[in-house]
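**Student:** For reference, the file data-v1.pdb (PDB, C-alpha atoms) is included below:
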ATOM      1  CA  MET L   1     -23.626 -18.300  28.078
ATOM      2  CA  LEU L   2     -23.243 -21.931  29.182
ATOM      3  CA  GLN L   3     -26.709 -22.686  27.848
ATOM      4  CA  GLN L   4     -25.693 -21.188  24.498
ATOM      5  CA  MET L   5     -22.469 -23.257  24.472
ATOM      6  CA  ARG L   6     -24.491 -26.411  25.107
ATOM      7  CA  SER L   7     -26.495 -25.895  21.953
ATOM      8  CA  TYR L   8     -23.493 -26.241  19.627
ATOM      9  CA  ASP L   9     -21.110 -29.004  18.686
ATOM     10  CA  LEU L  10     -17.594 -28.151  19.835
ATOM     11  CA  MET L  11     -14.256 -28.960  18.248
ATOM     12  CA  MET L  12     -11.147 -27.737  20.025
ATOM     13  CA  GLY L  13      -7.553 -28.772  20.427
ATOM     14  CA  TYR L  14      -3.964 -27.676  20.574
ATOM     15  CA  ASN L  15      -0.663 -27.831  18.729
ATOM     16  CA  THR L  16       2.102 -29.912  20.270
ATOM     17  CA  GLN L  17       4.716 -27.202  19.672
ATOM     18  CA  GLU L  18       2.842 -24.402  21.493
ATOM     19  CA  GLY L  19       5.556 -24.345  24.161
ATOM     20  CA  SER L  20       8.035 -23.114  21.567
ATOM     21  CA  LEU L  21       6.639 -19.642  22.281
ATOM     22  CA  ILE L  22       9.094 -19.516  25.198
ATOM     23  CA  LEU L  23      12.036 -20.533  23.003
ATOM     24  CA  SER L  24      13.278 -16.941  22.620
ATOM     25  CA  THR L  25      13.178 -16.518  26.416
ATOM     26  CA  LEU L  26      15.188 -19.702  26.910
ATOM     27  CA  LYS L  27      17.656 -18.627  24.236
ATOM     28  CA  GLY L  28      18.028 -15.164  25.780
ATOM     29  CA  GLU L  29      18.774 -16.662  29.194
ATOM     30  CA  MET L  30      21.351 -19.190  27.965
ATOM     31  CA  GLU L  31      23.374 -16.973  25.588
ATOM     32  CA  PRO L  32      24.869 -14.771  28.359
ATOM     33  CA  LYS L  33      26.037 -17.995  30.036
ATOM     34  CA  GLY L  34      28.004 -18.834  26.879
ATOM     35  CA  TYR L  35      25.661 -21.538  25.561
ATOM     36  CA  ASP L  36      23.804 -21.885  22.301
ATOM     37  CA  ILE L  37      20.142 -22.898  22.590
ATOM     38  CA  GLU L  38      21.109 -26.034  20.665
ATOM     39  CA  ASP L  39      22.857 -27.115  23.902
ATOM     40  CA  GLY L  40      19.538 -26.929  25.754
ATOM     41  CA  ILE L  41      18.976 -25.301  29.128
ATOM     42  CA  ASP L  42      20.334 -25.893  32.602
ATOM     43  CA  VAL L  43      18.440 -26.908  35.735
ATOM     44  CA  ALA L  44      18.775 -23.418  37.215
ATOM     45  CA  LEU L  45      16.866 -21.933  34.274
ATOM     46  CA  ALA L  46      14.241 -24.680  34.429
ATOM     47  CA  ASP L  47      13.727 -23.854  38.116
ATOM     48  CA  LEU L  48      13.482 -20.133  37.363
ATOM     49  CA  MET L  49      10.904 -20.718  34.620
ATOM     50  CA  LEU L  50       8.825 -22.946  36.905
ATOM     51  CA  ASP L  51       9.115 -20.441  39.769
ATOM     52  CA  ASP L  52       7.806 -17.663  37.520
ATOM     53  CA  TYR L  53       4.905 -19.768  36.243
ATOM     54  CA  THR L  54       3.810 -21.211  39.573
ATOM     55  CA  ALA L  55       4.110 -17.862  41.384
ATOM     56  CA  ALA L  56       1.920 -16.184  38.760
ATOM     57  CA  TYR L  57      -0.785 -18.857  38.532
ATOM     58  CA  PHE L  58      -0.628 -20.606  41.916
ATOM     59  CA  PRO L  59       0.575 -17.976  44.422
ATOM     60  CA  ARG L  60      -0.840 -19.737  47.501
ATOM     61  CA  ASN L  61       0.755 -23.129  46.877
ATOM     62  CA  SER L  62       3.510 -22.366  44.386
ATOM     63  CA  ALA L  63       6.089 -24.678  45.968
ATOM     64  CA  ASP L  64       3.729 -27.676  46.005
ATOM     65  CA  VAL L  65       2.665 -27.152  42.383
ATOM     66  CA  LYS L  66       6.295 -26.759  41.297
ATOM     67  CA  ALA L  67       7.268 -29.965  43.112
ATOM     68  CA  THR L  68       4.398 -31.835  41.447
ATOM     69  CA  ILE L  69       5.357 -30.554  37.997
ATOM     70  CA  LYS L  70       9.004 -31.497  38.542
ATOM     71  CA  HIS L  71       7.997 -34.957  39.698
ATOM     72  CA  ASN L  72       5.489 -35.620  36.889
ATOM     73  CA  TYR L  73       7.795 -34.362  34.130
ATOM     74  CA  GLU L  74      10.919 -35.897  35.723
ATOM     75  CA  ILE L  75      12.771 -32.590  35.981
ATOM     76  CA  PRO L  76      15.906 -33.167  38.066
ATOM     77  CA  GLU L  77      16.930 -31.165  41.092
ATOM     78  CA  ALA L  78      19.805 -28.715  40.626
ATOM     79  CA  ASP L  79      23.097 -30.461  39.996
ATOM     80  CA  VAL L  80      26.583 -29.240  40.846
ATOM     81  CA  ALA L  81      27.762 -28.890  37.248
ATOM     82  CA  ASN L  82      24.481 -27.309  36.093
ATOM     83  CA  GLN L  83      25.239 -28.181  32.469
ATOM     84  CA  PRO L  84      22.632 -27.506  29.779
ATOM     85  CA  SER L  85      20.570 -30.371  28.469
ATOM     86  CA  PRO L  86      18.494 -30.547  25.275
ATOM     87  CA  ARG L  87      16.147 -33.033  26.980
ATOM     88  CA  LEU L  88      15.513 -30.577  29.806
ATOM     89  CA  ALA L  89      14.803 -27.733  27.371
ATOM     90  CA  ASP L  90      12.337 -29.911  25.474
ATOM     91  CA  THR L  91      10.691 -30.950  28.754
ATOM     92  CA  VAL L  92      10.256 -27.340  29.921
ATOM     93  CA  MET L  93       8.697 -26.432  26.576
ATOM     94  CA  ASN L  94       6.325 -29.406  26.953
ATOM     95  CA  VAL L  95       5.392 -28.252  30.464
ATOM     96  CA  TYR L  96       4.499 -24.803  29.160
ATOM     97  CA  SER L  97       2.588 -26.276  26.223
ATOM     98  CA  ASP L  98       0.593 -28.559  28.506
ATOM     99  CA  LEU L  99      -0.108 -25.936  31.184
ATOM    100  CA  LEU L 100      -0.960 -23.006  28.937
ATOM    101  CA  PHE L 101      -2.667 -24.719  25.998
ATOM    102  CA  ALA L 102      -3.477 -28.425  26.344
ATOM    103  CA  SER L 103      -4.868 -28.339  29.881
ATOM    104  CA  PRO L 104      -7.286 -25.432  29.312
ATOM    105  CA  ALA L 105      -8.485 -26.989  26.039
ATOM    106  CA  LEU L 106      -9.091 -30.348  27.721
ATOM    107  CA  THR L 107     -10.918 -28.662  30.606
ATOM    108  CA  ILE L 108     -13.280 -26.829  28.251
ATOM    109  CA  LEU L 109     -13.853 -29.969  26.190
ATOM    110  CA  ASP L 110     -14.610 -31.937  29.341
ATOM    111  CA  LEU L 111     -17.072 -29.286  30.541
ATOM    112  CA  HIS L 112     -18.804 -29.237  27.160
ATOM    113  CA  SER L 113     -18.980 -33.005  26.993
ATOM    114  CA  ASN L 114     -20.439 -33.289  30.501
ATOM    115  CA  GLN L 115     -22.831 -30.353  30.087
ATOM    116  CA  ALA L 116     -24.028 -31.572  26.721
ATOM    117  CA  ALA L 117     -25.623 -34.663  28.223
ATOM    118  CA  GLY L 118     -29.363 -34.261  28.106
ATOM    119  CA  ALA L 119     -32.201 -33.657  25.708
ATOM    120  CA  ALA L 120     -30.220 -31.690  23.125
ATOM    121  CA  ARG L 121     -27.040 -33.742  23.182
ATOM    122  CA  ARG L 122     -24.235 -32.191  21.121
ATOM    123  CA  SER L 123     -20.931 -33.669  19.984
ATOM    124  CA  THR L 124     -17.544 -32.775  21.417
ATOM    125  CA  TYR L 125     -14.403 -33.278  19.328
ATOM    126  CA  MET L 126     -10.737 -32.847  20.154
ATOM    127  CA  TYR L 127      -7.663 -32.584  17.945
ATOM    128  CA  ARG L 128      -3.933 -32.644  18.651
ATOM    129  CA  PHE L 129      -1.954 -31.102  15.805
ATOM    130  CA  THR L 130       1.605 -32.463  15.538
ATOM    131  CA  LEU L 131       2.873 -31.473  12.102
ATOM    132  CA  GLU L 132       5.984 -29.292  12.084
ATOM    133  CA  THR L 133       6.210 -27.201   8.932
ATOM    134  CA  GLN L 134       9.379 -27.215   6.830
ATOM    135  CA  ASP L 135       9.853 -23.456   7.181
ATOM    136  CA  SER L 136       9.823 -23.646  11.007
ATOM    137  CA  LYS L 137      12.581 -26.287  11.209
ATOM    138  CA  PRO L 138      15.547 -23.990  10.412
ATOM    139  CA  ASN L 139      14.490 -21.659  13.239
ATOM    140  CA  ASN L 140      14.140 -24.366  15.892
ATOM    141  CA  PRO L 141      16.823 -26.342  17.706
ATOM    142  CA  SER L 142      17.270 -29.954  16.614
ATOM    143  CA  TRP L 143      15.849 -31.283  19.869
TER     144      TRP L 143
END
Output the file's structure in the form of structure tokens.

**Tutor:**
Amino acid sequence: MLQQMRSYDLMMGYNTQEGSLILSTLKGEMEPKGYDIEDGIDVALADLMLDDYTAAYFPRNSADVKATIKHNYEIPEADVANQPSPRLADTVMNVYSDLLFASPALTILDLHSNQAAGAARRSTYMYRFTLETQDSKPNNPSW
């Protein structure tokens, strides 16, 4: 299969709003707390979302991966007030977008690019799609 992949040019990428797939989950978790998704999410929900992700994909070192994600994306530790934040909601969506879509795409592109070196060198292309359509805007929070 890898030999077959090497024989073709490859173009692959991701959409920057892929993380919005979890928007309904975030909304469903915040509404019972009396908040609209426009308010964002609180740190407790961000922690819960990261716990779920890291436990599913990194069961042996979940805590270390979670700590690294929180550090790299500047996700704060739980605060006393635990008030929702639009910035935090946007950050969590970016984390999910990067982990579930951008990172795998970049890994495959890197493998193709490195494997393609040789006699039958093929091109590797990447795109990052950022356009938000007009019909999606009314359904998404302003952040």

**Student:** Once the PyMOL selection byres ((chain L and resi 41-53) around 6) is applied to the coordinates I shared, what remains selected? I want it as a PDB file with C-alpha atoms, in the frame of the given file.

**Tutor:**
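The file below, part-v3.pdb, is the result:
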ATOM      1  CA  GLY L  40      19.538 -26.929  25.754  1.00  0.00           C
ATOM      2  CA  THR L  54       3.810 -21.211  39.573  1.00  0.00           C
ATOM      3  CA  ALA L  55       4.110 -17.862  41.384  1.00  0.00           C
ATOM      4  CA  ALA L  56       1.920 -16.184  38.760  1.00  0.00           C
ATOM      5  CA  ALA L  78      19.805 -28.715  40.626  1.00  0.00           C
ATOM      6  CA  ASN L  82      24.481 -27.309  36.093  1.00  0.00           C
ATOM      7  CA  GLN L  83      25.239 -28.181  32.469  1.00  0.00           C
ATOM      8  CA  PRO L  84      22.632 -27.506  29.779  1.00  0.00           C
ATOM      9  CA  SER L  85      20.570 -30.371  28.469  1.00  0.00           C
ATOM     10  CA  ALA L  89      14.803 -27.733  27.371  1.00  0.00           C
TER      11      ALA L  89
END

**Student:** Pick out the residues sitting within 9 Å of Ser20 in chain L, and hand them over as a list of chain:residue names; count only C-alpha atoms, and ignore anything fewer than 6 positions along from it in its own chain.

**Tutor:**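 Near Ser20 in chain L, the qualifying residues are L:Asp90, L:Met93, L:Asn94, L:Tyr96, L:Ser97, L:Asn140.
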
**Student:** For CA of Arg6 in chain L and CA of Leu109 in chain L, determine how far apart the two atoms are, in Å to one decimal place.

**Tutor:**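 Interatomic distance here is 11.3 Å.
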
**Student:** Name the residues in contact with Arg128 in chain L at a cut-off of 12 Å, using all atoms listed in the file, excluding same-chain residues fewer than 5 positions from it; report them as a PyMOL selection string.

**Tutor:** chain L and resi 11-18+97-98+101-102+105-106

**Student:** What does the distance from CA of Trp143 in chain L to CA of Leu21 in chain L come to in Å, to one decimal?

**Tutor:** 15.0 Å

**Student:** Tell me, in Å to one decimal, how far CA of Ser24 in chain L is from CA of Pro141 in chain L.

**Tutor:**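 So the two atoms, CA of Ser24 in chain L and CA of Pro141 in chain L, lie 11.2 Å apart.
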
**Student:** Exactly which residues make up the result of the PyMOL selection byres ((chain L and resi 27) around 10) on this file, given as a PyMOL selection string?

**Tutor:** chain L and resi 22-26+28-32+35-41

**Student:** Tell me, as a PyMOL selection string, which residues lie within 12 Å of Ala67 in chain L, counting only C-alpha atoms; anything in the same chain fewer than 4 positions away does not count.

**Tutor:** chain L and resi 47+50-51+54+61-63+71-77

**Student:** Calculated over only C-alpha atoms, which of the candidates L:Met126, L:Leu99, L:Val65, L:Ile108 has the smallest distance to Gly19 in chain L?

**Tutor:**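 Among the listed residues, L:Leu99 lies closest to Gly19 in chain L.
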
**Student:** When you count all atoms listed in the file, which of these residues is closest to Ser123 in chain L: L:Lys33, L:Gln4, L:Asp9, L:Lys66?

**Tutor:**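 Checking each candidate against Ser123 in chain L, we get L:Asp9 as the closest.
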